[in-house]
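run29.cif follows (mmCIF, C-alpha atoms and all ligand atoms):
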```cif
data_entry
#
loop_
_atom_site.label_atom_id
_atom_site.label_comp_id
_atom_site.auth_asym_id
_atom_site.auth_seq_id
_atom_site.Cartn_x
_atom_site.Cartn_y
_atom_site.Cartn_z
CA MET W 20 0.00 0.00 0.00
CA GLU W 21 1.25 3.47 -0.81
CA ASP W 22 2.11 5.88 1.98
CA LYS W 23 -0.72 8.29 2.73
CA ILE W 24 0.96 11.10 4.57
CA LYS W 25 -1.15 13.24 6.85
CA THR W 26 0.00 15.96 9.20
CA ILE W 27 -1.38 16.70 12.62
CA GLU W 28 -0.51 19.47 15.03
CA ILE W 29 0.50 18.38 18.52
CA ASP W 30 1.34 21.09 21.07
CA GLY W 31 1.73 23.53 18.20
CA VAL W 32 4.24 21.26 16.46
CA GLU W 33 3.52 19.64 13.09
CA PHE W 34 3.83 15.86 13.09
CA PRO W 35 3.50 13.97 9.79
CA PHE W 36 2.42 10.30 9.81
CA ASN W 37 1.39 7.59 7.37
CA ALA W 38 -2.37 7.24 7.66
CA ASN W 39 -2.27 3.74 6.21
CA LYS W 40 -0.17 2.57 9.16
CA ALA W 41 -1.31 4.85 11.96
CA PHE W 42 -4.36 6.74 13.11
CA GLU W 43 -5.09 9.76 15.24
CA LYS W 44 -6.97 9.63 18.50
CA ASP W 45 -7.35 12.44 21.05
CA GLY W 46 -4.47 14.42 19.57
CA HIS W 47 -1.94 11.56 19.41
CA ILE W 48 -0.93 9.04 16.77
CA TYR W 49 -1.16 5.27 17.25
CA CYS W 50 -0.03 2.26 15.20
CA ARG W 51 -2.97 0.52 13.53
CA GLN W 52 -1.42 -2.88 14.11
CA CYS W 53 -0.09 -2.87 17.68
CA GLY W 54 -1.84 0.22 19.02
CA GLU W 55 1.30 1.80 20.52
CA GLN W 56 1.63 5.58 20.50
CA ILE W 57 4.24 6.65 17.94
CA ASP W 58 4.57 10.41 18.56
CA SER W 59 7.22 11.27 21.16
CA GLU W 60 6.98 13.89 23.90
CA PRO W 61 7.66 17.32 22.39
CA LEU W 62 11.32 18.22 22.88
CA ALA W 63 12.68 21.74 23.16
CA CYS W 64 14.77 22.36 20.07
CA LEU W 65 15.86 25.98 19.48
CA GLY W 66 14.60 28.61 21.88
CA SER W 67 10.87 28.26 22.07
CA LYS W 68 10.79 25.89 19.07
CA LYS W 69 9.79 22.30 19.77
CA ILE W 70 10.19 19.06 17.87
CA ILE W 71 8.33 15.73 17.95
CA PHE W 72 10.02 12.50 16.88
CA GLY W 73 8.39 9.39 15.51
CA ARG W 74 8.80 6.55 18.01
CA LYS W 75 9.31 2.90 17.08
CA CYS W 76 6.30 0.77 17.88
CA LYS W 77 6.20 -2.94 18.75
CA CYS W 78 5.91 -3.89 15.05
CA ASP W 79 9.03 -1.84 14.21
CA ARG W 80 10.97 -3.40 17.08
CA GLU W 81 9.92 -6.91 16.06
CA GLU W 82 10.87 -6.31 12.45
CA GLU W 83 14.25 -4.97 13.53
CA ALA W 84 14.87 -8.01 15.72
CA LYS W 85 13.89 -10.32 12.85
CA ARG W 86 16.28 -8.54 10.50
CA LYS W 87 19.07 -8.82 13.05
CA ASP W 88 18.41 -12.56 13.47
CA GLU W 89 18.57 -13.01 9.71
CA GLU W 90 21.83 -11.09 9.55
CA ILE W 91 23.33 -13.32 12.24
CA ALA W 92 22.09 -16.47 10.47
CA ASN W 93 23.67 -15.30 7.20
CA HIS W 94 26.91 -14.47 8.97
CA ILE W 95 26.96 -17.95 10.56
CA ARG W 96 26.29 -19.58 7.18
CA ARG W 97 29.20 -17.71 5.58
CA LEU W 98 31.51 -18.60 8.48
CA LYS W 99 30.60 -22.28 8.09
CA GLU W 100 31.23 -22.20 4.36
CA GLU W 101 34.66 -20.70 4.97
CA CYS W 102 35.32 -23.22 7.73
CA PHE W 103 34.67 -26.35 5.68
CA ASN W 104 35.51 -25.01 2.24
CA THR W 105 34.83 -27.92 -0.13
CA SER W 106 33.67 -30.35 2.60
CA ARG W 107 30.23 -28.76 2.90
CA ASN W 108 28.67 -32.02 4.07
CA LEU W 109 30.32 -31.42 7.47
CA ILE W 110 28.08 -28.39 8.05
CA SER W 111 25.37 -30.80 9.21
CA CYS W 112 27.50 -32.29 12.02
CA THR W 113 26.00 -31.25 15.33
CA LEU W 114 26.62 -32.10 18.97
CA ASP W 115 22.87 -31.93 19.56
CA LYS W 116 22.28 -35.04 17.47
CA VAL W 117 25.08 -37.25 18.81
CA ILE W 118 23.43 -40.50 19.87
CA GLU W 119 25.62 -41.13 22.92
CA PRO W 120 25.79 -37.70 24.58
CA ASP W 121 27.29 -39.17 27.77
CA ARG W 122 30.43 -40.43 26.08
CA GLN W 123 33.51 -38.77 27.55
CA GLU W 124 34.75 -37.34 24.26
CA VAL W 125 31.34 -35.77 23.63
CA ILE W 126 31.37 -34.17 27.09
CA ILE W 127 34.91 -32.88 26.45
CA ALA W 128 33.79 -31.46 23.09
CA LYS W 129 30.88 -29.65 24.76
CA ASN W 130 33.12 -28.25 27.49
CA PHE W 131 35.68 -27.18 24.91
CA VAL W 132 32.98 -25.08 23.23
CA LYS W 133 31.63 -23.77 26.53
CA ASN W 134 35.04 -22.71 27.81
CA PHE W 135 36.52 -21.71 24.46
CA LYS W 136 37.34 -18.10 25.41
CA GLU W 137 39.19 -19.25 28.51
CA LEU W 138 41.01 -22.05 26.66
CA SER W 139 41.97 -19.65 23.87
CA LYS W 140 43.90 -17.49 26.29
CA GLY W 141 45.98 -20.49 27.30
CA ASN W 142 46.44 -21.55 23.66
CA SER W 143 44.98 -24.94 24.68
CA GLY W 144 43.88 -27.25 21.92
CA LEU W 145 43.04 -30.93 21.61
CA ILE W 146 44.41 -33.94 19.82
CA PHE W 147 41.81 -36.52 18.86
CA HIS W 148 43.40 -39.94 18.54
CA GLY W 149 41.94 -43.36 18.04
CA ASN W 150 41.39 -45.96 15.38
CA VAL W 151 40.10 -45.29 11.90
CA GLY W 152 36.34 -44.96 11.82
CA THR W 153 35.73 -43.77 15.37
CA GLY W 154 34.29 -40.43 14.29
CA LYS W 155 37.19 -38.06 14.97
CA THR W 156 36.41 -35.92 11.95
CA TYR W 157 32.73 -35.91 12.82
CA LEU W 158 33.35 -34.75 16.39
CA ALA W 159 35.83 -32.07 15.30
CA ALA W 160 33.28 -30.78 12.78
CA CYS W 161 30.61 -30.71 15.54
CA ILE W 162 32.93 -28.49 17.60
CA ALA W 163 33.60 -26.20 14.63
CA ASN W 164 29.88 -25.73 13.95
CA LYS W 165 29.03 -25.08 17.59
CA ILE W 166 31.87 -22.58 18.08
CA ILE W 167 30.75 -20.66 15.00
CA GLU W 168 27.13 -20.65 16.22
CA GLU W 169 27.99 -19.62 19.79
CA TYR W 170 30.70 -17.03 19.18
CA GLN W 171 30.42 -16.13 15.49
CA ILE W 172 34.17 -16.28 15.04
CA ARG W 173 36.34 -17.67 12.24
CA VAL W 174 37.17 -21.37 12.30
CA LYS W 175 38.94 -23.39 9.61
CA MET W 176 38.91 -27.15 9.26
CA ARG W 177 41.35 -28.58 6.73
CA ASN W 178 43.01 -31.90 6.26
CA ILE W 179 46.76 -31.81 5.94
CA PRO W 180 47.03 -33.57 2.56
CA GLN W 181 44.54 -30.96 1.21
CA ILE W 182 46.65 -28.08 2.49
CA ILE W 183 49.80 -29.57 0.98
CA ASN W 184 48.07 -30.16 -2.36
CA ASP W 185 46.80 -26.61 -2.26
CA ILE W 186 50.30 -25.22 -1.69
CA GLU W 187 51.80 -27.45 -4.39
CA LYS W 188 49.08 -26.54 -6.87
CA ARG W 189 49.98 -22.87 -6.52
CA GLY W 190 53.60 -23.75 -7.24
CA PHE W 191 56.21 -21.01 -7.16
CA ASP W 192 53.64 -18.21 -7.22
CA ILE W 193 52.88 -18.67 -3.59
CA ASP W 194 54.49 -17.00 -0.62
CA LYS W 195 54.32 -19.98 1.73
CA ASN W 196 54.82 -17.98 4.91
CA ASP W 197 51.96 -15.74 3.93
CA TYR W 198 49.82 -18.82 3.22
CA TYR W 199 50.61 -20.27 6.68
CA ARG W 200 49.85 -16.95 8.32
CA ARG W 201 46.49 -16.68 6.61
CA LEU W 202 45.66 -20.26 7.55
CA SER W 203 46.60 -19.40 11.12
CA SER W 204 44.67 -16.15 11.33
CA VAL W 205 41.47 -17.88 12.45
CA SER W 206 40.35 -18.24 16.08
CA LEU W 207 40.29 -22.04 15.86
CA LEU W 208 42.16 -24.20 13.36
CA ILE W 209 41.29 -27.87 12.98
CA LEU W 210 43.88 -30.02 11.24
CA ASP W 211 42.18 -33.22 10.24
CA ASP W 212 43.86 -36.51 9.34
CA PHE W 213 47.31 -35.54 10.58
CA GLY W 214 49.77 -38.31 9.72
CA ILE W 215 48.29 -39.58 6.46
CA GLU W 216 50.40 -37.17 4.40
CA ARG W 217 53.49 -38.39 2.55
CA ASN W 218 56.49 -38.86 4.80
CA THR W 219 59.15 -36.90 2.97
CA GLU W 220 61.54 -34.24 4.22
CA TYR W 221 59.74 -31.70 2.02
CA VAL W 222 56.26 -32.56 3.34
CA ASN W 223 57.46 -32.78 6.95
CA GLU W 224 58.90 -29.29 6.65
CA MET W 225 55.56 -27.96 5.43
CA VAL W 226 53.63 -29.70 8.22
CA TYR W 227 56.07 -28.29 10.75
CA GLN W 228 55.62 -24.78 9.36
CA ILE W 229 51.82 -25.08 9.48
CA ILE W 230 51.84 -26.27 13.09
CA ASN W 231 54.60 -23.92 14.18
CA THR W 232 52.86 -20.86 12.70
CA ARG W 233 49.83 -21.84 14.71
CA TYR W 234 52.00 -22.28 17.81
CA GLU W 235 53.45 -18.81 17.35
CA SER W 236 50.05 -17.25 16.75
CA LYS W 237 49.12 -18.50 20.26
CA LYS W 238 45.65 -19.65 19.23
CA PRO W 239 44.11 -23.08 19.86
CA THR W 240 44.36 -25.95 17.38
CA ILE W 241 42.52 -29.25 17.22
CA ILE W 242 44.37 -32.08 15.52
CA SER W 243 42.87 -35.44 14.59
CA THR W 244 45.13 -38.35 13.84
CA ASN W 245 45.32 -42.12 13.42
CA ILE W 246 48.88 -42.12 14.74
CA PRO W 247 49.01 -43.98 18.08
CA LEU W 248 49.24 -41.43 20.89
CA GLY W 249 52.37 -43.08 22.33
CA VAL W 250 54.31 -42.31 19.18
CA ILE W 251 53.56 -38.61 19.57
CA MET W 252 53.91 -38.44 23.37
CA ASN W 253 57.08 -40.49 23.82
CA GLY W 254 59.21 -38.54 21.40
CA SER W 255 60.60 -39.77 18.11
CA ASN W 256 64.16 -40.47 17.01
CA ASP W 257 63.22 -38.97 13.67
CA ILE W 258 64.26 -35.33 14.10
CA ASP W 259 61.82 -34.05 11.46
CA LYS W 260 58.92 -35.81 13.15
CA GLU W 261 60.02 -34.97 16.67
CA ARG W 262 59.96 -31.22 16.17
CA ILE W 263 56.37 -31.52 14.89
CA TYR W 264 55.36 -33.81 17.77
CA SER W 265 56.93 -31.57 20.41
CA ARG W 266 54.88 -28.61 19.20
CA ILE W 267 51.72 -30.76 19.31
CA ARG W 268 52.57 -31.93 22.83
CA GLU W 269 52.83 -28.31 23.96
CA MET W 270 49.59 -27.20 22.32
CA CYS W 271 47.15 -30.11 22.49
CA ILE W 272 45.53 -32.18 25.23
CA PRO W 273 45.00 -35.80 24.14
CA VAL W 274 41.43 -37.04 23.85
CA LYS W 275 40.86 -40.67 22.99
CA ILE W 276 37.99 -41.21 20.62
CA ALA W 277 36.95 -44.72 21.43
CA GLY W 278 34.02 -47.01 21.02
CA LYS W 279 31.69 -47.08 18.12
CA ASP W 280 31.70 -44.59 15.33
CA ILE W 281 29.17 -41.85 15.98
CA ARG W 282 28.62 -41.46 12.24
CA THR W 283 28.17 -45.15 11.58
CA GLU W 284 25.73 -45.38 14.46
CA LEU W 285 23.77 -42.51 12.98
CA GLY W 286 23.92 -44.28 9.63
CA LYS W 287 22.67 -47.51 11.20
CA LYS W 288 19.84 -45.65 12.92
CA LYS W 289 18.86 -44.14 9.60
CA LEU W 290 19.01 -47.56 7.92
CA ARG W 291 16.82 -49.03 10.66
CA GLU W 292 14.33 -46.21 10.25
CA THR W 293 14.30 -46.68 6.48
CA ARG W 294 13.84 -50.43 6.88
CA ASP W 295 10.96 -49.86 9.32
CA LEU W 296 9.37 -47.51 6.82
CA LEU W 297 9.73 -50.02 4.01
CA LEU W 298 8.48 -52.96 6.03
CA GLY W 299 5.63 -50.94 7.50
ZN ZN W 301 2.98 -1.17 15.54
#
```
Would you write the structure of this file as structure tokens?
Amino acid sequence: MEDKIKTIEIDGVEFPFNANKAFEKDGHIYCRQCGEQIDSEPLACLGSKKIIFGRKCKCDREEEAKRKDEEIANHIRRLKEECFNTSRNLISCTLDKVIEPDRQEVIIAKNFVKNFKELSKGNSGLIFHGNVGTGKTYLAACIANKIIEEYQIRVKMRNIPQIINDIEKRGFDIDKNDYYRRLSSVSLLILDDFGIERNTEYVNEMVYQIINTRYESKKPTIISTNIPLGVIMNGSNDIDKERIYSRIREMCIPVKIAGKDIRTELGKKKLRETRDLLLG
């Protein structure tokens, strides 16, 4: 509907309003929808001159709140896209849907999110270790999503072979230190699948630089790995490996991801539900 501007005089001051949205009653203007008065008290302006402002009514406030919520939701969506990059499927990982919420690693994950600000100050991260198929990636992605939702801060989750491929793909054009710094500029970095990368001097140097840049940026890192914890904790005779491990030992608290795979369990549940649907 088009605006239908009318003007009324209140206390000798002209006050224009949209007659389609508001109406006059006893010398004041009210919203047609919520009934709140929208003309303010007359304020002294210059000398004897007065001014009346239009006040926001309940409808205006609600619309504003809705717009703000939408803005936050969009911001969160963009942060998640940046976080997972090409692995968009991980956006759906959520701690709220984990089927065994009492498992120790799930409780640790929840507390990590809850106390993230405090842990950040101490540069305290986690290392998820355990066998293949225990849901380390899933749990790390749950943490990433929750941290983004709660704090609206930048998180990146990358797997190390991906990072190395990315650097190699860019070839000589890339300033590696700048690349590491950008990777490390986020509030939380998650390095997934540490240890499956090629074991060469060249690759080890890159992995060290990635982890060391993070160490120097004094921000928390979560690492997931299939390497047995003992190998990392006991120190290695391999000098290249040992300098990586010693950084990890300083930055990350070990969390064993044991038991059944959270993902697989979810998958099984889904299969059961599908089967029930099919069998009636
Ligand atoms: Zn209203």
Distance limit 12 Å, reference ligand ZN 301 (chain W), atoms considered: all atoms listed in the file. Which residues make the cut? Give them as a tab-separated table (two decimals) with C-alpha atoms, keeping the file's coordinate frame.
```tsv
chain	number	residue	atom	x	y	z
W	39	ASN	CA	-2.27	3.74	6.21
W	40	LYS	CA	-0.17	2.57	9.16
W	41	ALA	CA	-1.31	4.85	11.96
W	42	PHE	CA	-4.36	6.74	13.11
W	48	ILE	CA	-0.93	9.04	16.77
W	49	TYR	CA	-1.16	5.27	17.25
W	50	CYS	CA	-0.03	2.26	15.20
W	51	ARG	CA	-2.97	0.52	13.53
W	52	GLN	CA	-1.42	-2.88	14.11
W	53	CYS	CA	-0.09	-2.87	17.68
W	54	GLY	CA	-1.84	0.22	19.02
W	55	GLU	CA	1.30	1.80	20.52
W	56	GLN	CA	1.63	5.58	20.50
W	57	ILE	CA	4.24	6.65	17.94
W	73	GLY	CA	8.39	9.39	15.51
W	74	ARG	CA	8.80	6.55	18.01
W	75	LYS	CA	9.31	2.90	17.08
W	76	CYS	CA	6.30	0.77	17.88
W	77	LYS	CA	6.20	-2.94	18.75
W	78	CYS	CA	5.91	-3.89	15.05
W	79	ASP	CA	9.03	-1.84	14.21
W	80	ARG	CA	10.97	-3.40	17.08
W	81	GLU	CA	9.92	-6.91	16.06
W	82	GLU	CA	10.87	-6.31	12.45
```
With all atoms listed in the file as the atoms that count, which of W:Ser67, W:Ile242, W:Asn142, W:Ile166 lies nearest to Asp212 (chain W)?
-> W:Ile242
Interatomic distance (Å, one decimal) between CA of Tyr264 (chain W) and CA of Asn245 (chain W) =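 Atom-to-atom, CA of Tyr264 (chain W) and CA of Asn245 (chain W) are spaced 13.7 Å apart.
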Distance table requested - region 49-144 of chain W against region 173-193 of chain W, cut-off 9 Å, only C-alpha atoms: one row per qualifying residue with the closest atom pair and its distance in Å to one decimal, ordered by chain and rising residue number, as a tab-separated table.
```
residue	atom	partner	partner_atom	distance
W:Leu98	CA	W:Arg173	CA	6.2
W:Lys99	CA	W:Val174	CA	7.9
W:Glu101	CA	W:Lys175	CA	6.9
W:Cys102	CA	W:Lys175	CA	4.1
W:Phe103	CA	W:Met176	CA	5.6
W:Asn104	CA	W:Met176	CA	8.1
W:Ser106	CA	W:Arg177	CA	8.9
```
Given the selection you just returned, output its residues as a file containing C-alpha atoms, formatted as a PDB file, in the coordinates of the input.
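See result_38.pdb below for the written result:
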```pdb
ATOM      1  CA  LEU W  98      31.510 -18.600   8.480  1.00  0.00           C
ATOM      2  CA  LYS W  99      30.600 -22.280   8.090  1.00  0.00           C
ATOM      3  CA  GLU W 101      34.660 -20.700   4.970  1.00  0.00           C
ATOM      4  CA  CYS W 102      35.320 -23.220   7.730  1.00  0.00           C
ATOM      5  CA  PHE W 103      34.670 -26.350   5.680  1.00  0.00           C
ATOM      6  CA  ASN W 104      35.510 -25.010   2.240  1.00  0.00           C
ATOM      7  CA  SER W 106      33.670 -30.350   2.600  1.00  0.00           C
TER       8      SER W 106
END
```
Point-to-point distance from CA of Ala163 (chain W) to CA of His94 (chain W), Å rounded to tenths =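 Atom-to-atom, CA of Ala163 (chain W) to CA of His94 (chain W), that is 14.6 Å.
Near Asp257 (chain W), within 12 Å and counting all atoms listed in the file, sit Asn218, Thr219, Glu220, Asn223, Val250, Ile251, Asn253, Glu261, Arg262, Ile263, Tyr264 and Ser265 of chain W; same-chain residues fewer than 4 positions away were not included.
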Contact residues around Gln171 (chain W) with all atoms listed in the file at 7 Å, ignoring same-chain residues under 3 positions, as number ranges by chain = W: 95, 167-168
Shell of 10 Å around Asp115 (chain W), only C-alpha atoms, local chain residues under 4 positions omitted, as a list in words =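 So, after excluding close chain neighbours, the residues are Pro120, Lys129, Cys161 and Lys165 of chain W.
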Please, can region 241-254 of chain W be completed to N, CA, C and O atoms and returned as a compact mmCIF listing (two decimals), in the coordinates of the input?
```txt
# COMPACT_ATOMS: atom_id res chain seq x y z
N ILE W 241 42.96 -27.87 16.99
CA ILE W 241 42.52 -29.25 17.22
C ILE W 241 43.12 -30.09 16.11
O ILE W 241 43.04 -29.73 14.93
N ILE W 242 43.76 -31.19 16.51
CA ILE W 242 44.37 -32.08 15.52
C ILE W 242 43.70 -33.44 15.64
O ILE W 242 43.47 -33.92 16.75
N SER W 243 43.36 -34.06 14.53
CA SER W 243 42.87 -35.44 14.59
C SER W 243 43.87 -36.32 13.86
O SER W 243 44.45 -35.93 12.85
N THR W 244 44.11 -37.48 14.42
CA THR W 244 45.13 -38.35 13.84
C THR W 244 44.87 -39.83 14.12
O THR W 244 44.27 -40.18 15.13
N ASN W 245 45.34 -40.67 13.20
CA ASN W 245 45.32 -42.12 13.42
C ASN W 245 46.64 -42.63 14.01
O ASN W 245 46.78 -43.81 14.30
N ILE W 246 47.59 -41.71 14.15
CA ILE W 246 48.88 -42.12 14.74
C ILE W 246 48.65 -42.48 16.20
O ILE W 246 47.99 -41.73 16.93
N PRO W 247 49.19 -43.64 16.65
CA PRO W 247 49.01 -43.98 18.08
C PRO W 247 49.58 -42.88 18.97
O PRO W 247 50.64 -42.33 18.67
N LEU W 248 48.85 -42.55 20.04
CA LEU W 248 49.24 -41.43 20.89
C LEU W 248 50.67 -41.58 21.42
O LEU W 248 51.41 -40.61 21.50
N GLY W 249 51.04 -42.84 21.77
CA GLY W 249 52.37 -43.08 22.33
C GLY W 249 53.48 -42.57 21.42
O GLY W 249 54.49 -42.03 21.89
N VAL W 250 53.29 -42.74 20.14
CA VAL W 250 54.31 -42.31 19.18
C VAL W 250 54.53 -40.81 19.27
O VAL W 250 55.66 -40.31 19.20
N ILE W 251 53.45 -40.07 19.48
CA ILE W 251 53.56 -38.61 19.57
C ILE W 251 54.08 -38.19 20.96
O ILE W 251 54.92 -37.31 21.08
N MET W 252 53.58 -38.86 22.00
CA MET W 252 53.91 -38.44 23.37
C MET W 252 55.32 -38.85 23.81
O MET W 252 55.94 -38.16 24.61
N ASN W 253 55.80 -39.98 23.31
CA ASN W 253 57.08 -40.49 23.82
C ASN W 253 58.30 -39.90 23.13
O ASN W 253 59.44 -40.17 23.50
N GLY W 254 58.09 -39.11 22.12
CA GLY W 254 59.21 -38.54 21.40
C GLY W 254 59.72 -39.50 20.35
O GLY W 254 59.69 -40.72 20.54
```
